[in-house]
>>> print(open('structure.tsv').read())   # TSV, C-alpha atoms
chain	number	residue	atom	x	y	z
G	944	MET	CA	148.18	17.75	17.32
G	945	MET	CA	150.39	20.03	19.37
G	946	PRO	CA	154.11	20.07	18.61
G	947	ARG	CA	156.34	18.31	21.13
G	948	THR	CA	157.98	20.83	23.48
G	949	PRO	CA	160.35	19.20	25.96
G	950	GLU	CA	160.78	20.64	29.43
G	951	PRO	CA	164.32	21.66	30.40
G	952	GLU	CA	166.49	18.56	30.36
G	953	LEU	CA	168.08	19.02	33.78
G	954	MET	CA	166.84	20.21	37.15
G	955	ASN	CA	170.10	21.17	38.81
G	956	GLN	CA	169.27	24.13	41.07
G	957	ALA	CA	169.37	23.08	44.73
G	958	GLU	CA	166.06	24.78	45.58
G	959	GLN	CA	164.32	23.29	42.55
G	960	VAL	CA	165.63	19.80	43.34
G	961	GLN	CA	164.58	20.05	46.99
G	962	ALA	CA	161.10	21.26	46.03
G	963	TYR	CA	160.76	18.32	43.65
G	964	ALA	CA	162.06	15.85	46.25
G	965	ASP	CA	159.63	17.23	48.85
G	966	ALA	CA	156.58	17.12	46.53
G	967	ASP	CA	153.84	14.62	47.33
G	968	PHE	CA	154.29	11.87	44.74
G	969	GLU	CA	152.80	9.16	46.96
G	970	LYS	CA	149.95	8.38	44.60
G	971	PRO	CA	151.77	8.39	41.21
G	972	HIS	CA	154.95	6.76	42.51
G	973	GLY	CA	152.96	4.18	44.46
G	974	GLN	CA	150.98	3.42	41.30
G	975	PHE	CA	154.21	3.16	39.29
G	976	ILE	CA	155.56	0.55	41.71
G	977	LYS	CA	152.25	-1.32	41.82
G	978	LEU	CA	152.14	-1.58	38.00
G	979	LEU	CA	155.85	-2.43	37.87
G	980	GLU	CA	155.40	-5.23	40.41
G	981	LYS	CA	152.60	-6.63	38.30
G	982	ARG	CA	154.82	-6.47	35.20
G	983	VAL	CA	157.87	-8.08	36.81
G	984	GLY	CA	155.80	-10.76	38.55
G	985	PRO	CA	156.49	-12.71	41.72
G	986	THR	CA	159.00	-15.20	40.30
G	987	ARG	CA	161.77	-12.71	39.43
G	988	THR	CA	163.25	-12.24	42.88
G	989	ARG	CA	166.76	-11.31	41.75
G	990	GLY	CA	168.25	-9.23	38.99
G	991	ARG	CA	169.94	-6.06	37.87
G	992	ALA	CA	167.77	-3.01	37.33
G	993	LEU	CA	168.52	0.31	35.67
G	994	ASP	CA	166.53	3.43	36.57
G	995	LEU	CA	167.02	6.08	33.88
G	996	GLY	CA	166.21	9.63	34.95
G	997	CYS	CA	165.99	8.63	38.62
G	998	GLY	CA	165.76	12.19	39.94
G	999	PRO	CA	165.98	12.26	43.75
G	1000	GLY	CA	165.56	8.49	43.88
G	1001	ASP	CA	162.07	8.00	45.31
G	1002	ILE	CA	161.02	5.34	42.78
G	1003	THR	CA	164.47	3.76	42.97
G	1004	TYR	CA	164.15	3.34	46.73
G	1005	ARG	CA	160.57	2.12	46.50
G	1006	PHE	CA	161.58	-0.56	44.01
G	1007	ALA	CA	164.58	-1.57	46.15
G	1008	GLU	CA	162.31	-1.93	49.19
G	1009	ALA	CA	159.84	-4.04	47.21
G	1010	ARG	CA	162.59	-6.22	45.65
G	1011	PRO	CA	165.38	-6.85	48.19
G	1012	GLY	CA	167.15	-9.32	45.88
G	1013	TRP	CA	167.73	-6.78	43.14
G	1014	SER	CA	170.70	-4.45	42.62
G	1015	ILE	CA	170.00	-1.11	40.97
G	1016	GLN	CA	171.96	1.44	38.98
G	1017	ALA	CA	170.12	4.75	39.07
G	1018	VAL	CA	171.19	7.42	36.59
G	1019	ASP	CA	170.33	11.08	36.28
G	1020	GLY	CA	172.04	13.88	34.38
G	1021	ALA	CA	171.65	16.41	37.18
G	1022	SER	CA	174.31	16.23	39.87
G	1023	ALA	CA	171.99	17.98	42.35
G	1024	MET	CA	169.41	15.21	41.87
G	1025	ILE	CA	172.03	12.51	42.45
G	1026	ASP	CA	173.32	14.29	45.57
G	1027	CYS	CA	169.77	14.51	46.91
G	1028	ALA	CA	169.17	10.81	46.20
G	1029	LYS	CA	172.35	9.81	48.03
G	1030	ARG	CA	171.29	11.83	51.11
G	1031	ASP	CA	167.95	10.01	51.37
G	1032	PRO	CA	167.70	8.24	54.75
G	1033	ARG	CA	166.47	5.08	52.99
G	1034	ALA	CA	170.01	4.57	51.67
G	1035	LEU	CA	171.10	3.48	55.14
G	1036	ARG	CA	168.66	0.54	55.05
G	1037	MET	CA	170.10	-0.95	51.85
G	1038	PRO	CA	173.84	-0.33	51.64
G	1039	GLY	CA	175.53	-1.42	48.45
G	1040	ARG	CA	172.33	-2.25	46.56
G	1041	ILE	CA	171.78	1.06	44.79
G	1042	HIS	CA	174.47	2.89	42.85
G	1043	PHE	CA	173.53	6.44	41.91
G	1044	LEU	CA	175.41	7.89	38.93
G	1045	CYS	CA	175.43	11.36	37.42
G	1046	GLU	CA	175.46	10.63	33.70
G	1047	ARG	CA	173.61	11.83	30.61
G	1048	LEU	CA	172.23	9.97	27.65
G	1049	PRO	CA	173.46	9.34	25.00
G	1050	ASP	CA	177.01	9.77	26.37
G	1051	TRP	CA	176.86	7.26	29.23
G	1052	GLU	CA	177.88	3.66	28.68
G	1053	PRO	CA	177.59	1.28	31.64
G	1054	THR	CA	180.50	-1.04	32.36
G	1055	ASP	CA	178.09	-4.01	32.27
G	1056	PRO	CA	175.19	-3.24	29.90
G	1057	THR	CA	173.14	-6.36	30.65
G	1058	PHE	CA	170.25	-5.18	32.81
G	1059	ASP	CA	167.29	-7.46	33.50
G	1060	LEU	CA	164.97	-4.51	33.98
G	1061	VAL	CA	164.96	-0.91	32.78
G	1062	ILE	CA	162.58	1.56	34.39
G	1063	SER	CA	162.04	5.23	33.74
G	1064	ASN	CA	159.45	7.61	35.11
G	1065	SER	CA	158.92	11.05	33.60
G	1066	LEU	CA	162.18	11.28	31.69
G	1067	LEU	CA	160.89	11.34	28.11
G	1068	HIS	CA	159.26	14.76	28.38
G	1069	HIS	CA	162.67	16.22	29.32
G	1070	LEU	CA	164.66	14.77	26.42
G	1071	ALA	CA	165.12	16.86	23.29
G	1072	ASP	CA	165.65	13.59	21.43
G	1073	PRO	CA	163.47	10.78	22.84
G	1074	PHE	CA	165.49	8.22	20.89
G	1075	HIS	CA	168.29	8.64	23.44
G	1076	LEU	CA	166.08	6.72	25.88
G	1077	TRP	CA	164.96	4.07	23.40
G	1078	ASN	CA	168.52	3.52	22.16
G	1079	ALA	CA	169.79	3.14	25.73
G	1080	ILE	CA	167.11	0.55	26.40
G	1081	ARG	CA	168.10	-1.36	23.29
G	1082	ASP	CA	171.80	-1.19	24.14
G	1083	PHE	CA	171.65	-1.84	27.91
G	1084	THR	CA	169.30	-4.79	28.28
G	1085	SER	CA	169.92	-8.50	28.49
G	1086	PRO	CA	167.76	-10.93	26.50
G	1087	ASN	CA	164.26	-11.23	28.01
G	1088	ALA	CA	164.68	-8.01	29.97
G	1089	GLU	CA	161.59	-6.23	31.23
G	1090	ILE	CA	161.06	-2.58	30.30
G	1091	PHE	CA	158.73	-0.27	32.18
G	1092	ILE	CA	158.46	3.36	31.06
G	1093	MET	CA	155.91	5.89	32.25
G	1094	ASP	CA	155.61	9.57	31.43
G	1095	LEU	CA	153.17	12.44	31.37
G	1096	LYS	CA	150.19	12.47	29.06
G	1097	ARG	CA	150.38	15.24	26.50
G	1098	PRO	CA	147.39	17.60	26.51
G	1099	ALA	CA	145.29	17.46	23.36
G	1100	SER	CA	145.30	21.19	22.66
G	1101	GLN	CA	146.68	24.55	23.71
G	1102	ASN	CA	143.35	25.24	25.44
G	1103	SER	CA	143.90	22.12	27.55
G	1104	VAL	CA	147.39	23.34	28.44
G	1105	ASN	CA	146.05	26.75	29.44
G	1106	SER	CA	143.37	25.12	31.57
G	1107	LEU	CA	145.95	22.95	33.38
G	1108	VAL	CA	148.21	25.95	34.00
G	1109	GLU	CA	145.30	28.00	35.31
G	1110	ARG	CA	144.20	25.19	37.60
G	1111	TYR	CA	147.56	24.14	39.06
G	1112	ALA	CA	150.08	26.96	38.61
>>> encode(input="structure.tsv", output="structure tokens")
Amino acid sequence: MMPRTPEPELMNQAEQVQAYADADFEKPHGQFIKLLEKRVGPTRTRGRALDLGCGPGDITYRFAEARPGWSIQAVDGASAMIDCAKRDPRALRMPGRIHFLCERLPDWEPTDPTFDLVISNSLLHHLADPFHLWNAIRDFTSPNAEIFIMDLKRPASQNSVNSLVERYA
């Protein structure tokens, strides 16, 4: 098994953030929301959600559009990501429902740590200590909360890594 090598924890360069925000994530983010909707189910029409590692907010906005009765706190450690998320035109369609915060785990403590849902997409591979995410989930959820975490699949070998780099980079 290959050793775990996290990517840099923060993407905070304006050009890097814009490139990430402009990337075509339609398929993976659409699939994330589809699986999340299946997990949450049709009966939970209201609640408080927490999006950890929200980046430029695409999944946050997609969830808010799918669940108009939910309020969302979206957290990312990179101020450039939060700024990008706040500039998204979708924010105008849902004023007051999403609160974007620039905070880092494990230092951040929400004022009301009783979320009904915690989501996170592609944060774990950035964290030097993955337990920061798991501890936040433990500490910030209400009883019977739903948890939905998705991240990248680790390649099986260095040869697989080299093949991916050659193919996509």
>>> residues_around(input="structure.tsv", residues="G:Ser1022", least_positions_apart="3", cutoff="9 Å", atoms="all atoms listed in the file", output="list in words")
Met954, Asn955, Asp1019, Ile1025, Asp1026, Cys1027, Leu1044, Cys1045 and Glu1046 of chain G
>>> write_last_selection(input="structure.tsv", atoms="C-alpha atoms", output="PDB file, in the frame of the given file")
ATOM      1  CA  MET G 954     166.840  20.210  37.150  1.00  0.00           C
ATOM      2  CA  ASN G 955     170.100  21.170  38.810  1.00  0.00           C
ATOM      3  CA  ASP G1019     170.330  11.080  36.280  1.00  0.00           C
ATOM      4  CA  ILE G1025     172.030  12.510  42.450  1.00  0.00           C
ATOM      5  CA  ASP G1026     173.320  14.290  45.570  1.00  0.00           C
ATOM      6  CA  CYS G1027     169.770  14.510  46.910  1.00  0.00           C
ATOM      7  CA  LEU G1044     175.410   7.890  38.930  1.00  0.00           C
ATOM      8  CA  CYS G1045     175.430  11.360  37.420  1.00  0.00           C
ATOM      9  CA  GLU G1046     175.460  10.630  33.700  1.00  0.00           C
TER      10      GLU G1046
END
>>> closest_atom_pairs(input="structure.tsv", of="stretch 1020-1051 of chain G", to="stretch 1071-1094 of chain G", cutoff="10 Å", atoms="only C-alpha atoms", output="tab-separated table")
residue	atom	partner	partner_atom	distance
G:Arg1047	CA	G:His1075	CA	9.5
G:Leu1048	CA	G:His1075	CA	5.9
G:Pro1049	CA	G:His1075	CA	5.4
G:Asp1050	CA	G:His1075	CA	9.3
G:Trp1051	CA	G:Ala1079	CA	8.9
>>> residues_around(input="structure.tsv", residues="stretch 993-1000 of chain G", least_positions_apart="5", cutoff="6 Å", atoms="all atoms listed in the file", output="list of chain:residue names")
G:Ala964, G:Ile1015, G:Gln1016, G:Ala1017, G:Val1018, G:Asp1019, G:Met1024, G:Cys1027, G:Ala1028, G:Val1061, G:Ile1062, G:Ser1063, G:Leu1066
>>> atom_distance(input="structure.tsv", atom1="atom CA of G:Pro1032", atom2="atom CA of G:Tyr1004")
10.0 Å
>>> residues_around(input="structure.tsv", residues="G:His972", least_positions_apart="6", cutoff="9 Å", atoms="only C-alpha atoms", output="PDB file with C-alpha atoms, in the frame of the given file")
ATOM      1  CA  ASP G1001     162.070   8.000  45.310  1.00  0.00           C
ATOM      2  CA  ILE G1002     161.020   5.340  42.780  1.00  0.00           C
ATOM      3  CA  ARG G1005     160.570   2.120  46.500  1.00  0.00           C
ATOM      4  CA  ASN G1064     159.450   7.610  35.110  1.00  0.00           C
TER       5      ASN G1064
END
>>> atom_distance(input="structure.tsv", atom1="atom CA of G:Pro1056", atom2="atom CA of G:Arg1033")
26.0 Å
>>> atom_distance(input="structure.tsv", atom1="atom CA of G:His1068", atom2="atom CA of G:Phe975")
16.7 Å
>>> closest_residue(input="structure.tsv", among="G:Phe1058, G:Phe1043, G:Tyr963, G:Tyr1111", to="G:Arg989", atoms="all atoms listed in the file")
G:Phe1058
